[in-house]
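Engineer: See final.txt below, with compact mmCIF, C-alpha atoms.
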```txt
# COMPACT_ATOMS: atom_id res chain seq x y z
CA ALA A 4 142.36 207.48 -33.53
CA GLN A 5 139.40 208.89 -31.69
CA SER A 6 136.00 207.52 -32.58
CA VAL A 7 132.40 207.77 -31.44
CA SER A 8 129.95 204.92 -31.63
CA GLN A 9 126.19 205.28 -31.51
CA HIS A 10 124.58 201.93 -31.00
CA ASN A 11 121.20 202.49 -32.58
CA HIS A 12 120.89 203.83 -36.10
CA HIS A 13 117.11 203.85 -36.17
CA VAL A 14 114.71 203.97 -33.24
CA ILE A 15 110.94 203.95 -33.47
CA LEU A 16 108.87 204.82 -30.41
CA SER A 17 105.33 205.71 -29.53
CA GLU A 18 104.56 208.97 -27.81
CA ALA A 19 105.11 208.86 -24.02
CA ALA A 20 107.64 206.05 -24.31
CA SER A 21 111.02 206.50 -22.65
CA LEU A 22 114.12 207.04 -24.74
CA GLU A 23 117.72 206.08 -24.23
CA LEU A 24 120.29 206.52 -26.99
CA GLY A 25 123.70 205.03 -26.45
CA CYS A 26 127.01 206.75 -27.18
CA ASN A 27 130.49 205.42 -26.54
CA TYR A 28 133.76 207.07 -27.42
CA SER A 29 137.33 205.96 -27.63
CA TYR A 30 139.83 208.40 -26.18
CA GLY A 31 141.88 208.01 -23.06
CA GLY A 32 142.23 211.63 -22.12
CA THR A 33 139.94 214.42 -21.02
CA VAL A 34 136.98 215.10 -23.26
CA ASN A 35 134.10 217.47 -23.79
CA LEU A 36 130.90 215.65 -24.76
CA PHE A 37 127.92 216.90 -26.72
CA TRP A 38 124.59 215.80 -28.05
CA TYR A 39 123.27 217.67 -31.07
CA VAL A 40 119.87 217.26 -32.72
CA GLN A 41 118.90 217.83 -36.34
CA TYR A 42 115.16 218.23 -36.85
CA PRO A 43 113.86 217.63 -40.39
CA GLY A 44 114.88 220.55 -42.58
CA GLN A 45 116.66 222.35 -39.77
CA HIS A 46 120.26 222.85 -38.79
CA LEU A 47 122.18 221.10 -36.04
CA GLN A 48 121.21 222.37 -32.62
CA LEU A 49 122.90 221.77 -29.30
CA LEU A 50 120.83 219.62 -26.95
CA LEU A 51 123.26 219.43 -24.06
CA LYS A 52 126.94 219.32 -23.20
CA TYR A 53 129.29 218.00 -20.57
CA PHE A 54 132.53 219.75 -19.72
CA SER A 55 133.21 218.81 -16.10
CA GLY A 56 131.56 218.40 -12.71
CA ASP A 57 128.22 216.66 -12.20
CA PRO A 58 128.15 213.76 -14.69
CA LEU A 59 124.38 214.07 -15.07
CA VAL A 60 123.63 217.00 -17.33
CA LYS A 61 120.30 218.42 -18.32
CA GLY A 62 119.58 219.98 -21.65
CA ILE A 63 116.74 221.53 -23.54
CA LYS A 64 113.31 219.98 -24.10
CA GLY A 65 113.57 217.60 -21.15
CA PHE A 66 116.63 215.71 -22.37
CA GLU A 67 119.42 214.62 -20.06
CA ALA A 68 122.62 212.65 -20.41
CA GLU A 69 124.93 210.84 -18.06
CA PHE A 70 128.68 210.71 -18.44
CA ILE A 71 130.15 207.47 -17.14
CA LYS A 72 133.90 207.86 -17.39
CA SER A 73 134.71 204.23 -16.63
CA LYS A 74 132.52 203.11 -19.51
CA PHE A 75 133.51 205.92 -21.90
CA SER A 76 129.80 206.51 -22.35
CA PHE A 77 127.50 209.50 -22.64
CA ASN A 78 123.98 208.18 -23.08
CA LEU A 79 121.05 210.44 -23.87
CA ARG A 80 117.73 209.97 -22.10
CA LYS A 81 114.24 211.38 -22.06
CA PRO A 82 111.52 209.92 -19.84
CA SER A 83 108.63 210.62 -22.20
CA VAL A 84 109.06 211.41 -25.89
CA GLN A 85 106.77 213.51 -28.02
CA TRP A 86 106.04 213.43 -31.73
CA SER A 87 108.05 216.66 -32.04
CA ASP A 88 111.18 214.78 -30.90
CA THR A 89 111.31 213.08 -34.29
CA ALA A 90 114.79 213.99 -35.50
CA GLU A 91 118.33 212.72 -35.94
CA TYR A 92 120.52 212.77 -32.86
CA PHE A 93 124.30 213.03 -32.93
CA CYS A 94 126.75 212.38 -30.16
CA ALA A 95 130.05 214.28 -30.48
CA VAL A 96 133.34 214.33 -28.64
CA LYS A 97 136.07 216.91 -28.47
CA ALA A 98 139.39 215.85 -27.05
CA SER A 99 141.44 218.17 -24.90
CA GLY A 100 144.10 219.72 -27.07
CA GLY A 101 142.00 219.11 -30.14
CA TYR A 102 140.97 222.71 -30.42
CA ASN A 103 137.47 222.77 -31.87
CA LYS A 104 137.55 219.49 -33.75
CA LEU A 105 134.39 217.52 -33.06
CA ILE A 106 134.27 213.80 -33.76
CA PHE A 107 130.69 212.77 -34.45
CA GLY A 108 128.91 209.47 -34.16
CA ALA A 109 126.95 208.16 -37.14
CA GLY A 110 123.71 209.51 -35.73
CA THR A 111 120.45 207.92 -34.59
CA ARG A 112 117.24 208.57 -36.46
CA LEU A 113 114.35 208.71 -34.03
CA ALA A 114 110.77 208.43 -35.26
CA VAL A 115 108.03 209.03 -32.72
CA HIS A 116 104.55 207.89 -33.65
CA PRO A 117 101.51 209.62 -32.19
CA LYS B 145 122.15 237.85 -31.62
CA ALA B 146 122.11 236.46 -35.15
CA GLY B 147 123.23 232.88 -35.63
CA VAL B 148 125.78 231.44 -38.00
CA THR B 149 124.92 232.24 -41.59
CA GLN B 150 126.06 230.41 -44.68
CA THR B 151 125.79 231.35 -48.32
CA PRO B 152 124.71 230.13 -50.71
CA ARG B 153 122.23 227.65 -49.29
CA TYR B 154 122.09 225.51 -52.42
CA LEU B 155 124.54 225.05 -55.23
CA ILE B 156 124.72 222.89 -58.32
CA LYS B 157 128.05 222.41 -60.05
CA THR B 158 129.52 220.05 -62.58
CA ARG B 159 132.55 217.82 -62.22
CA GLY B 160 135.83 219.64 -62.61
CA GLN B 161 134.50 223.00 -61.53
CA GLN B 162 135.45 224.74 -58.33
CA VAL B 163 133.23 226.21 -55.66
CA THR B 164 133.53 228.72 -52.84
CA LEU B 165 131.27 228.61 -49.80
CA SER B 166 130.96 231.40 -47.28
CA CYS B 167 130.33 231.43 -43.54
CA SER B 168 129.66 234.34 -41.19
CA PRO B 169 130.09 233.36 -37.55
CA ILE B 170 128.08 234.61 -34.62
CA SER B 171 129.19 238.12 -33.74
CA GLY B 172 132.21 237.99 -31.45
CA HIS B 173 133.06 234.38 -32.24
CA ARG B 174 136.63 233.87 -33.30
CA SER B 175 136.80 230.23 -34.29
CA VAL B 176 135.17 228.82 -37.41
CA SER B 177 135.10 225.11 -38.22
CA TRP B 178 133.86 223.36 -41.33
CA TYR B 179 132.26 219.93 -41.58
CA GLN B 180 131.04 217.75 -44.42
CA GLN B 181 127.84 215.77 -43.95
CA THR B 182 126.98 212.88 -46.28
CA PRO B 183 124.63 209.91 -45.86
CA GLY B 184 127.51 207.47 -46.17
CA GLN B 185 130.23 209.09 -44.08
CA GLY B 186 128.17 211.16 -41.68
CA LEU B 187 129.63 214.33 -40.23
CA GLN B 188 133.33 214.74 -40.83
CA PHE B 189 135.62 217.53 -39.73
CA LEU B 190 137.28 219.45 -42.54
CA PHE B 191 139.28 222.21 -40.83
CA GLU B 192 139.20 224.94 -38.23
CA TYR B 193 140.31 228.54 -38.46
CA PHE B 194 141.19 230.89 -35.64
CA SER B 195 142.66 234.36 -36.01
CA GLU B 196 143.01 233.88 -39.76
CA THR B 197 145.13 230.74 -39.26
CA GLN B 198 144.24 227.14 -39.91
CA ARG B 199 144.52 225.52 -36.53
CA ASN B 200 143.41 221.98 -37.28
CA LYS B 201 142.74 219.90 -40.34
CA GLY B 202 140.81 216.73 -41.04
CA ASN B 203 141.60 213.94 -43.48
CA PHE B 204 140.50 215.51 -46.74
CA PRO B 205 142.49 215.95 -49.94
CA GLY B 206 144.23 219.19 -50.76
CA ARG B 207 141.36 220.12 -53.11
CA PHE B 208 139.59 221.28 -49.99
CA SER B 209 140.93 224.54 -48.63
CA GLY B 210 139.76 227.45 -46.60
CA ARG B 211 140.62 230.79 -45.19
CA GLN B 212 139.48 233.20 -42.54
CA PHE B 213 139.34 236.95 -42.76
CA SER B 214 140.13 239.53 -40.10
CA ASN B 215 136.42 239.87 -39.26
CA SER B 216 136.31 236.09 -38.58
CA ARG B 217 134.24 235.36 -41.68
CA SER B 218 135.44 232.24 -43.40
CA GLU B 219 135.34 230.72 -46.85
CA MET B 220 136.03 227.22 -47.99
CA ASN B 221 136.96 226.25 -51.50
CA VAL B 222 136.75 222.96 -53.30
CA SER B 223 138.65 222.71 -56.56
CA THR B 224 138.22 220.15 -59.31
CA LEU B 225 134.89 218.95 -58.00
CA GLU B 226 134.10 215.24 -57.98
CA LEU B 227 130.72 213.54 -57.76
CA GLY B 228 131.58 212.40 -54.25
CA ASP B 229 131.87 215.99 -53.08
CA SER B 230 128.09 216.25 -53.15
CA ALA B 231 127.21 216.91 -49.53
CA LEU B 232 125.89 219.33 -46.98
CA TYR B 233 128.73 221.59 -45.86
CA LEU B 234 128.30 222.90 -42.36
CA CYS B 235 130.04 225.77 -40.70
CA ALA B 236 130.25 226.13 -36.94
CA SER B 237 131.52 228.98 -34.82
CA SER B 238 132.63 229.24 -31.21
CA LEU B 239 133.64 232.10 -28.99
CA ASP B 240 137.11 230.74 -28.20
CA TRP B 241 139.42 233.02 -26.32
CA GLY B 242 142.25 230.84 -27.57
CA GLN B 243 145.24 229.42 -25.76
CA GLY B 244 146.49 231.64 -23.04
CA HIS B 245 143.07 232.46 -21.73
CA ARG B 246 140.63 229.61 -21.25
CA GLY B 247 141.99 227.90 -24.29
CA SER B 248 139.64 226.19 -26.68
CA TYR B 249 138.91 223.40 -24.23
CA GLN B 250 135.48 224.22 -22.88
CA GLU B 251 133.93 225.73 -25.96
CA THR B 252 130.63 225.05 -27.64
CA GLN B 253 130.24 225.11 -31.40
CA TYR B 254 127.09 226.55 -32.94
CA PHE B 255 126.18 225.40 -36.41
CA GLY B 256 124.80 227.20 -39.42
CA PRO B 257 122.14 225.85 -41.77
CA GLY B 258 124.68 224.54 -44.24
CA THR B 259 125.25 224.77 -47.96
CA ARG B 260 123.92 221.85 -49.93
CA LEU B 261 126.24 221.16 -52.86
CA LEU B 262 125.24 218.90 -55.70
CA VAL B 263 127.91 217.90 -58.20
CA LEU B 264 126.65 216.57 -61.53
```
Using the file provided, produce a representation of the structure as structure tokens.
Structural biologist:
Amino acid sequence: AQSVSQHNHHVILSEAASLELGCNYSYGGTVNLFWYVQYPGQHLQLLLKYFSGDPLVKGIKGFEAEFIKSKFSFNLRKPSVQWSDTAEYFCAVKASGGYNKLIFGAGTRLAVHP
Amino acid sequence: KAGVTQTPRYLIKTRGQQVTLSCSPISGHRSVSWYQQTPGQGLQFLFEYFSETQRNKGNFPGRFSGRQFSNSRSEMNVSTLELGDSALYLCASSLDWGQGHRGSYQETQYFGPGTRLLVL
């Protein structure tokens, strides 16, 4: 069965620190990869996505992610976090042939202190 | 363009009752998926509808059902509510030209605000 693993459940950073959130998936075929963010009291929003092509994708608010096929990973990065980045981050995978079924990781709660 | 809307936003029910949640997708979107979000299990896929047909289903009991109307609006129903059904129910829509065009492969799902259901 497909699964998504997010390594860190809680991350605490100070403003201006760099961020890297890990995401690994288990599926041998072709996948679409996503990072969604859920700010406090708000709905899930798309941060970035990877379908094909350049494995380094850029998203909104300065976030980027790198797809490493050999490692089944899709890690999220941001060089300098802000207090407003405090949120929960979800990695999600959609397998080819899986129609629109997203498999989500457990999420990472990020707290950024001023 | 308006986003995905869900009604009601909050709901309180008692065990044994049933509930119907509604989702209006982004205009022009043809696929609607439903997810359950709980602190313990995270985000779990319930089912997906496309052209009024259930196209995919997650591992939930038969008490959870849904349907899609010709205008792509969708409803999900939970019968005989249990305490463990308390959750945030999220609806997501995607454009999806379906198989035979691009297929549903490279599609992005956009989420609504959710309906928070509390079962007492």
Engineer: Using only C-alpha atoms, can you tell me which of A:Asn78, A:Asn35, A:Ser87, A:Ser55 comes closest to Gly100 in chain A?
Structural biologist: A:Asn35
Engineer: Which of these, A:Leu49, A:Leu79, A:Ala4, A:Ala19, has the shortest distance to His116 in chain A once you count only C-alpha atoms?
Structural biologist: A:Ala19
Engineer: Pull out every residue of chain A sitting within 10 Å of chain B, counting only C-alpha atoms, and send them as a ChimeraX atom specification.
Structural biologist: /A:33-37,39,44-49,51-55,93,95,97-110
Engineer: Return the single residue from A:Pro117, A:Trp86, A:Val7, A:Val96 that is closest to Cys26 in chain A, with distances computed using only C-alpha atoms.
Structural biologist: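 Checking each of A:Pro117, A:Trp86, A:Val7, A:Val96 against Cys26 in chain A, counting only C-alpha atoms, the winner is A:Val7.
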Engineer: So what do you get for CA of Gln5 in chain A versus CA of Gly31 in chain A, distance-wise?
Structural biologist: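 Calculated distance between CA of Gln5 in chain A and CA of Gly31 in chain A is 9.0 Å.
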Engineer: In Å, with one decimal, what is the gap from CA of Leu227 in chain B to CA of Ser166 in chain B?
Structural biologist: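 Pair CA of Leu227 in chain B / CA of Ser166 in chain B returns 20.7 Å.
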Engineer: Quick one, how far is CA of Gln85 in chain A from CA of Glu18 in chain A?
Structural biologist: 5.1 Å
Engineer: Can you tell me which residues surround Arg217 in chain B at a distance of at most 9 Å, considering all atoms listed in the file, apart from same-chain residues fewer than 4 positions away, and format the answer as a list in words?
Structural biologist: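 Counting all atoms listed in the file, the residues come to Ser166, Cys167, Ser168, Pro169, Arg174, Val176, Arg211, Gln212 and Phe213 of chain B.
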Engineer: Excluding range 157-159 of chain B and residues on its chain fewer than 5 positions from it, collect all residues at most 10 Å away from it, counting only C-alpha atoms, and give them as a list in words.
Structural biologist: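 In the requested form, the answer reads Ser223, Thr224, Leu225, Glu226, Leu227, Gly228, Asp229, Ser230, Leu261, Leu262, Val263 and Leu264 of chain B.
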Engineer: For Lys81 in chain A, please output as a ChimeraX atom specification all residues within 7 Å (counting only C-alpha atoms; exclusion window: fewer than 2 positions along the same chain).
Structural biologist: /A:21-23,65-67,83-84
Engineer: Contacts of Ala146 in chain B at 8 Å or less, counting all atoms listed in the file, minus same-chain residues fewer than 2 places along, as a list in words?
Structural biologist: Val148, Ile170 and Ser171 of chain B
Engineer: What's the 10 Å shell around Thr259 in chain B, counting all atoms listed in the file, without same-chain residues fewer than 3 positions away, as a PyMOL selection string?
Structural biologist: chain B and resi 149-155+165-167+180+231-235+256+262
Engineer: Of the candidates A:Thr89, A:Gln41, A:Asn27, A:Ser73, which one gets nearest to Asn11 in chain A if we count only C-alpha atoms?
Structural biologist: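 Using only C-alpha atoms, the shortest distance to Asn11 in chain A belongs to A:Asn27.
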